[in-house]
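**Q** So I've got this file, work-v1.cif, and it contains mmCIF, C-alpha atoms:
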data_final
loop_
_atom_site.label_atom_id
_atom_site.label_comp_id
_atom_site.auth_asym_id
_atom_site.auth_seq_id
_atom_site.Cartn_x
_atom_site.Cartn_y
_atom_site.Cartn_z
CA MET A 881 90.08 79.63 42.51
CA LEU A 882 88.21 82.87 43.31
CA VAL A 883 85.51 83.79 45.85
CA GLN A 884 82.83 86.48 45.63
CA ALA A 885 83.32 89.94 47.18
CA ALA A 886 80.00 91.60 46.35
CA ALA A 887 79.79 91.38 42.54
CA LEU A 888 83.56 91.02 42.28
CA GLN A 889 86.07 88.27 42.92
CA VAL A 890 89.22 88.15 45.01
CA PRO A 891 91.72 85.27 45.30
CA SER A 892 90.40 82.55 47.62
CA GLY A 893 93.92 82.01 48.96
CA LEU A 894 97.19 83.92 49.10
CA ARG A 895 100.68 82.55 49.65
CA VAL A 896 102.53 84.33 52.45
CA GLY A 897 105.98 82.93 53.02
CA THR A 898 105.56 79.15 52.89
CA GLU A 899 101.88 79.13 53.86
CA LEU A 900 98.77 79.35 51.68
CA LEU A 901 96.31 81.46 53.67
CA PRO A 902 92.56 81.33 52.99
CA ALA A 903 90.49 84.50 52.58
CA ARG A 904 88.68 84.98 55.90
CA SER A 905 86.87 88.24 55.12
CA CYS A 906 85.92 89.74 51.73
CA ALA A 907 84.16 92.99 50.96
CA THR A 908 83.90 95.99 48.70
CA ARG A 909 83.90 99.62 49.74
CA ASP A 910 80.92 101.27 48.07
CA THR A 911 79.30 104.68 47.74
CA LEU A 912 75.87 104.30 46.18
CA TRP A 913 76.58 102.25 43.03
CA ILE A 914 80.32 103.02 42.86
CA HIS A 915 82.63 100.19 43.96
CA HIS A 916 85.85 101.83 45.20
CA TYR A 917 87.81 98.68 45.98
CA ALA A 918 87.49 94.99 46.77
CA ALA A 919 89.45 93.73 49.76
CA ALA A 920 90.21 90.39 51.34
CA LEU A 921 91.87 89.52 54.62
CA TYR A 922 93.97 86.34 54.67
CA LEU A 923 94.71 84.51 57.92
CA PRO A 924 95.58 80.99 59.05
CA PRO A 925 92.45 78.79 58.97
CA ARG A 926 92.51 77.84 62.64
CA GLY A 927 92.44 80.05 65.70
CA ALA A 928 90.94 83.39 66.58
CA PRO A 929 91.39 85.93 63.77
CA ALA A 930 92.17 88.86 66.09
CA ALA A 931 94.81 86.81 67.90
CA ALA A 932 96.39 85.83 64.56
CA LEU A 933 96.49 89.47 63.46
CA GLU A 934 98.28 90.52 66.66
CA ASP A 935 100.64 87.52 66.82
CA PRO A 936 104.07 88.09 65.21
CA ARG A 937 104.42 84.29 64.87
CA GLN A 938 101.42 84.14 62.49
CA PRO A 939 101.39 85.09 58.77
CA LYS A 940 98.68 87.45 57.52
CA ALA A 941 97.84 89.56 54.49
CA LEU A 942 95.44 92.17 53.17
CA HIS A 943 94.80 92.28 49.42
CA VAL A 944 93.02 95.28 47.87
CA GLN A 945 92.02 95.73 44.23
CA ILE A 946 91.28 99.29 43.12
CA LEU A 947 87.97 99.47 41.25
CA SER A 948 87.43 103.24 41.01
CA LYS A 949 89.49 106.36 41.64
CA SER A 950 86.40 108.59 41.95
CA PHE A 951 86.99 109.44 45.61
CA LEU A 952 90.60 108.33 46.00
CA PRO A 953 92.61 111.22 47.45
CA ARG A 954 95.70 112.35 45.57
CA ASP A 955 97.90 111.86 48.63
CA LEU A 956 98.05 108.98 51.10
CA PRO A 957 95.40 109.74 53.76
CA LYS A 958 96.88 111.40 56.84
CA LYS A 959 95.92 108.69 59.34
CA TRP A 960 97.56 105.93 57.25
CA ASN A 961 100.56 108.12 56.49
CA GLN A 962 101.09 108.75 60.22
CA ALA A 963 100.69 105.07 61.11
CA LEU A 964 103.25 104.00 58.51
CA GLU A 965 105.61 106.91 59.15
CA SER A 966 105.85 105.93 62.81
CA GLU A 967 107.33 102.54 61.84
CA LEU A 968 109.07 102.90 58.45
CA ASP A 969 112.16 104.75 57.31
CA GLY A 970 112.15 107.70 54.93
CA GLY A 971 113.02 105.63 51.86
CA ALA A 972 110.12 103.24 52.42
CA MET A 973 107.71 106.12 53.02
CA SER A 974 108.86 107.91 49.88
CA ALA A 975 108.30 104.74 47.85
CA ILE A 976 104.82 104.25 49.36
CA ARG A 977 103.79 107.87 48.69
CA SER A 978 105.02 107.63 45.11
CA ALA A 979 103.18 104.34 44.53
CA TRP A 980 99.98 105.86 46.01
CA GLN A 981 100.09 108.78 43.58
CA HIS A 982 100.35 106.38 40.63
CA ILE A 983 97.62 103.93 41.65
CA SER A 984 95.22 103.15 38.80
CA VAL A 985 91.96 101.29 38.40
CA GLY A 986 92.70 97.57 38.36
CA ASP A 987 95.83 97.84 40.51
CA ARG A 988 96.31 95.33 43.31
CA VAL A 989 97.86 96.33 46.64
CA THR A 990 99.01 93.60 49.03
CA ILE A 991 100.32 94.10 52.54
CA ALA A 992 101.65 90.81 53.86
CA TYR A 993 103.50 89.70 56.98
CA ALA A 994 105.46 86.48 57.38
CA PRO A 995 107.43 85.58 60.50
CA GLY A 996 111.10 86.09 59.71
CA PRO A 997 111.03 88.22 56.56
CA GLY A 998 108.48 90.63 58.04
CA VAL A 999 106.15 93.01 56.22
CA THR A 1000 106.05 93.59 52.48
CA LEU A 1001 103.92 96.12 50.66
CA GLN A 1002 103.42 95.30 46.99
CA LEU A 1003 101.70 97.05 44.11
CA ASN A 1004 100.80 94.61 41.31
CA GLU A 1005 103.27 92.04 42.73
CA ARG A 1006 106.10 94.63 42.64
CA LEU A 1007 107.79 95.26 45.98
CA VAL A 1008 107.27 98.86 47.11
CA ALA A 1009 108.47 98.69 50.74
CA ARG A 1010 109.65 96.16 53.29
CA SER A 1011 110.21 96.05 57.05
CA PRO A 1012 111.28 93.21 59.32
CA LYS A 1013 109.07 94.59 62.12
CA HIS A 1014 105.61 93.34 63.09
CA ASP A 1015 105.17 96.83 64.59
CA VAL A 1016 104.07 98.00 61.13
CA VAL A 1017 101.11 95.58 61.28
CA GLU A 1018 100.30 96.69 64.82
CA ALA A 1019 100.32 100.38 63.83
CA LEU A 1020 98.00 99.72 60.87
CA LEU A 1021 95.63 97.64 63.01
CA LYS A 1022 95.49 100.32 65.72
CA THR A 1023 94.68 102.96 63.10
CA TRP A 1024 92.01 100.76 61.49
CA ALA A 1025 90.38 99.94 64.87
CA ASP A 1026 90.07 103.69 65.51
CA GLY A 1027 89.83 103.43 69.28
CA GLU A 1028 87.70 100.26 69.41
CA PRO A 1029 89.11 97.11 71.01
CA LEU A 1030 90.78 95.22 68.16
CA PRO A 1031 89.19 91.81 68.88
CA GLN A 1032 85.71 93.37 68.81
CA ARG A 1033 86.37 95.25 65.57
CA VAL A 1034 87.88 92.18 63.86
CA ASN A 1035 85.06 89.86 64.95
CA GLU A 1036 82.37 92.32 63.80
CA THR A 1037 84.08 92.76 60.43
CA LEU A 1038 84.48 89.03 59.81
CA ALA A 1039 80.86 88.38 60.80
CA LYS A 1040 79.61 91.16 58.52
CA HIS A 1041 81.87 90.31 55.56
CA PRO A 1042 82.60 86.58 55.33
CA CYS A 1043 83.99 85.16 52.10
#
Output the structure of this file as structure tokens.
**A**
Amino acid sequence: MLVQAAALQVPSGLRVGTELLPARSCATRDTLWIHHYAAALYLPPRGAPAAALEDPRQPKALHVQILSKSFLPRDLPKKWNQALESELDGGAMSAIRSAWQHISVGDRVTIAYAPGPGVTLQLNERLVARSPKHDVVEALLKTWADGEPLPQRVNETLAKHPC
């Protein structure tokens, strides 16, 4: 089953570890009439979303489908590179940078965390990098929140972009 994200569809649920997580927020990134990507955030159905994102005992995932490369930079943006570099080893970072440079329209990027196995970053269901640490999720969330309190930023985003 699929749900709407603007004029596009993203999976209504995503399996992370043993759990099927529902899409809690869906949106597209747009500039004028150009859809850059469609994204969906997957979290457990009960509980506060911000708490679930910060809790290493809770599974979570972000799924992004590339819709246009018009404004996609050639290299991984500096802020995301720094966030990932602070938590991942050189081999994982090299694999991520290489995958970024080969991203094409239609590609699907999934960052998922499951308690136990940890974080996986996949491109079109192919494993690109892995880490057992929830710290990777925390670094990405801190970068995304950009100085705002995380609960406030998460709640505003979910209210603005429900599925």
**Q** Step by step, work through what the PyMOL selection byres ((chain A and resi 971-988) around 9) selects in the shown file, and finish by giving those residues as a VMD selection string.
**A** chain A and resid 943 to 949 953 to 956 961 964 to 965 968 to 970 989 to 990 1001 to 1005 1008 to 1011
**Q** With only C-alpha atoms as the counted atoms, please give the residues lying no more than 12 Å from Lys959 of chain A, apart from itself and same-chain residues fewer than 2 positions off, as a PDB file with C-alpha atoms, in the coordinates of the input.
**A**
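Everything below was put into selection28.pdb:
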ATOM      1  CA  ASP A 955      97.900 111.860  48.630  1.00  0.00           C
ATOM      2  CA  LEU A 956      98.050 108.980  51.100  1.00  0.00           C
ATOM      3  CA  PRO A 957      95.400 109.740  53.760  1.00  0.00           C
ATOM      4  CA  ASN A 961     100.560 108.120  56.490  1.00  0.00           C
ATOM      5  CA  GLN A 962     101.090 108.750  60.220  1.00  0.00           C
ATOM      6  CA  ALA A 963     100.690 105.070  61.110  1.00  0.00           C
ATOM      7  CA  LEU A 964     103.250 104.000  58.510  1.00  0.00           C
ATOM      8  CA  GLU A 965     105.610 106.910  59.150  1.00  0.00           C
ATOM      9  CA  SER A 966     105.850 105.930  62.810  1.00  0.00           C
ATOM     10  CA  ALA A1019     100.320 100.380  63.830  1.00  0.00           C
ATOM     11  CA  LEU A1020      98.000  99.720  60.870  1.00  0.00           C
ATOM     12  CA  LEU A1021      95.630  97.640  63.010  1.00  0.00           C
ATOM     13  CA  LYS A1022      95.490 100.320  65.720  1.00  0.00           C
ATOM     14  CA  THR A1023      94.680 102.960  63.100  1.00  0.00           C
ATOM     15  CA  TRP A1024      92.010 100.760  61.490  1.00  0.00           C
ATOM     16  CA  ALA A1025      90.380  99.940  64.870  1.00  0.00           C
ATOM     17  CA  ASP A1026      90.070 103.690  65.510  1.00  0.00           C
TER      18      ASP A1026
END
**Q** Identify which of the residues A:Val890, A:Leu1007, A:Ala918, A:Ile991 lies closest to Ala941 of chain A, counting all atoms listed in the file when measuring atom-to-atom distances.
**A**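 Of all the options, A:Ile991 lies closest to Ala941 of chain A.
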**Q** Since I can't run it myself right now, could you work out what the PyMOL selection byres ((chain A and resi 1041) around 9) selects here and report it as a list in words?
**A**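 Matching residues under the PyMOL selection byres ((chain A and resi 1041) around 9) are Ala885, Arg904, Ser905, Cys906, Ala907, Glu1036, Thr1037, Leu1038, Ala1039, Lys1040, Pro1042 and Cys1043 of chain A.
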**Q** Which residue gives the smallest distance to Val1034 of chain A among A:Val999, A:Leu901, A:Val896, A:Ala930, with only C-alpha atoms counted?
**A**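 Distance minimum relative to Val1034 of chain A lands on A:Ala930.
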**Q** Any idea what the distance is between atom CA of Gln889 of chain A and atom CA of Asn1035 of chain A?
**A**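 Here the two named atoms are 22.1 Å from each other.
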**Q** Ranking A:Leu933, A:Val1016, A:Leu952, A:Ala992 by minimum distance to Arg909 of chain A and counting all atoms listed in the file, which one comes first?
**A**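 Residue with the minimum atom-to-atom distance to Arg909 of chain A: A:Leu952.
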**Q** Can you tell me how far atom CA of Leu1030 of chain A sits from atom CA of Glu934 of chain A, in Å to one decimal?
**A**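 Straight-line distance from atom CA of Leu1030 of chain A to atom CA of Glu934 of chain A works out to 9.0 Å.
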**Q** Which one is closest to Pro1031 of chain A: A:Gly998, A:Ala931, A:Leu894, A:Ala903? Count all atoms listed in the file.
**A**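 Result for the nearest residue to Pro1031 of chain A: A:Ala931.
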**Q** What separation in Å, quoted to one decimal, exists between atom CA of Leu942 of chain A and atom CA of Gly1027 of chain A?
**A**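 Computed distance, atom CA of Leu942 of chain A to atom CA of Gly1027 of chain A, equals 20.4 Å.
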**Q** Could you list the residues chosen by the PyMOL selection byres ((chain A and resi 936-938) around 9) in this structure as number ranges by chain?
**A** A: 923-924, 931-935, 939-940, 993-996, 998, 1013-1015, 1017
**Q** Select, from A:Gly897, A:Pro891, A:Pro929, A:Pro902, the residue with the minimum atom-to-atom distance to Arg1033 of chain A, counting only C-alpha atoms.
**A** A:Pro929
**Q** Would you place a box with edges along x, y and z of the file around all atoms of segment 986-996 of chain A listed there, add 3 Å to each of its six sides, and report the centre and edge lengths in Å to one decimal, as JSON?
**A**
{"center_x": 101.9, "center_y": 91.7, "center_z": 49.4, "size_x": 24.4, "size_y": 18.3, "size_z": 28.1}
**Q** Keeping N, CA and C atoms (and nothing else), can you write segment 937-956 of chain A of this structure as a tab-separated table (two decimals), in the first residue's frame?
**A**
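Wrote selection-v2.tsv, looks like this:
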chain	number	residue	atom	x	y	z
A	937	ARG	N	16.22	2.35	21.98
A	937	ARG	CA	15.43	1.10	22.09
A	937	ARG	C	14.30	1.06	21.06
A	938	GLN	N	14.14	2.15	20.28
A	938	GLN	CA	13.05	2.24	19.30
A	938	GLN	C	13.59	2.20	17.86
A	939	PRO	N	12.94	1.41	16.99
A	939	PRO	CA	13.34	1.42	15.57
A	939	PRO	C	12.84	2.70	14.90
A	940	LYS	N	13.48	3.05	13.81
A	940	LYS	CA	13.11	4.27	13.06
A	940	LYS	C	13.74	4.20	11.68
A	941	ALA	N	13.19	4.95	10.75
A	941	ALA	CA	13.76	4.98	9.40
A	941	ALA	C	13.35	6.24	8.67
A	942	LEU	N	14.20	6.64	7.74
A	942	LEU	CA	13.91	7.73	6.81
A	942	LEU	C	14.12	7.16	5.42
A	943	HIS	N	13.12	7.34	4.56
A	943	HIS	CA	13.17	6.83	3.19
A	943	HIS	C	13.05	8.03	2.25
A	944	VAL	N	13.97	8.15	1.32
A	944	VAL	CA	13.99	9.29	0.39
A	944	VAL	C	14.08	8.74	-1.03
A	945	GLN	N	13.20	9.25	-1.90
A	945	GLN	CA	13.28	8.88	-3.32
A	945	GLN	C	13.69	10.12	-4.10
A	946	ILE	N	14.74	10.00	-4.88
A	946	ILE	CA	15.26	11.11	-5.67
A	946	ILE	C	14.37	11.31	-6.90
A	947	LEU	N	13.87	12.53	-7.06
A	947	LEU	CA	12.96	12.85	-8.16
A	947	LEU	C	13.61	13.74	-9.21
A	948	SER	N	14.63	14.50	-8.81
A	948	SER	CA	15.33	15.39	-9.74
A	948	SER	C	16.75	15.61	-9.22
A	949	LYS	N	17.70	15.73	-10.13
A	949	LYS	CA	19.08	16.03	-9.75
A	949	LYS	C	19.42	17.48	-10.08
A	950	SER	N	18.42	18.30	-10.42
A	950	SER	CA	18.65	19.67	-10.86
A	950	SER	C	19.53	20.47	-9.91
A	951	PHE	N	19.30	20.36	-8.62
A	951	PHE	CA	20.06	21.14	-7.65
A	951	PHE	C	20.83	20.26	-6.68
A	952	LEU	N	21.00	19.00	-7.02
A	952	LEU	CA	21.72	18.08	-6.15
A	952	LEU	C	23.22	18.33	-6.31
A	953	PRO	N	23.90	18.67	-5.22
A	953	PRO	CA	25.34	18.93	-5.34
A	953	PRO	C	26.11	17.66	-5.70
A	954	ARG	N	27.23	17.84	-6.36
A	954	ARG	CA	28.05	16.70	-6.78
A	954	ARG	C	28.57	15.93	-5.58
A	955	ASP	N	28.96	16.64	-4.53
A	955	ASP	CA	29.50	16.01	-3.33
A	955	ASP	C	28.49	16.08	-2.20
A	956	LEU	N	28.59	15.15	-1.27
A	956	LEU	CA	27.75	15.13	-0.09
A	956	LEU	C	27.86	16.48	0.61
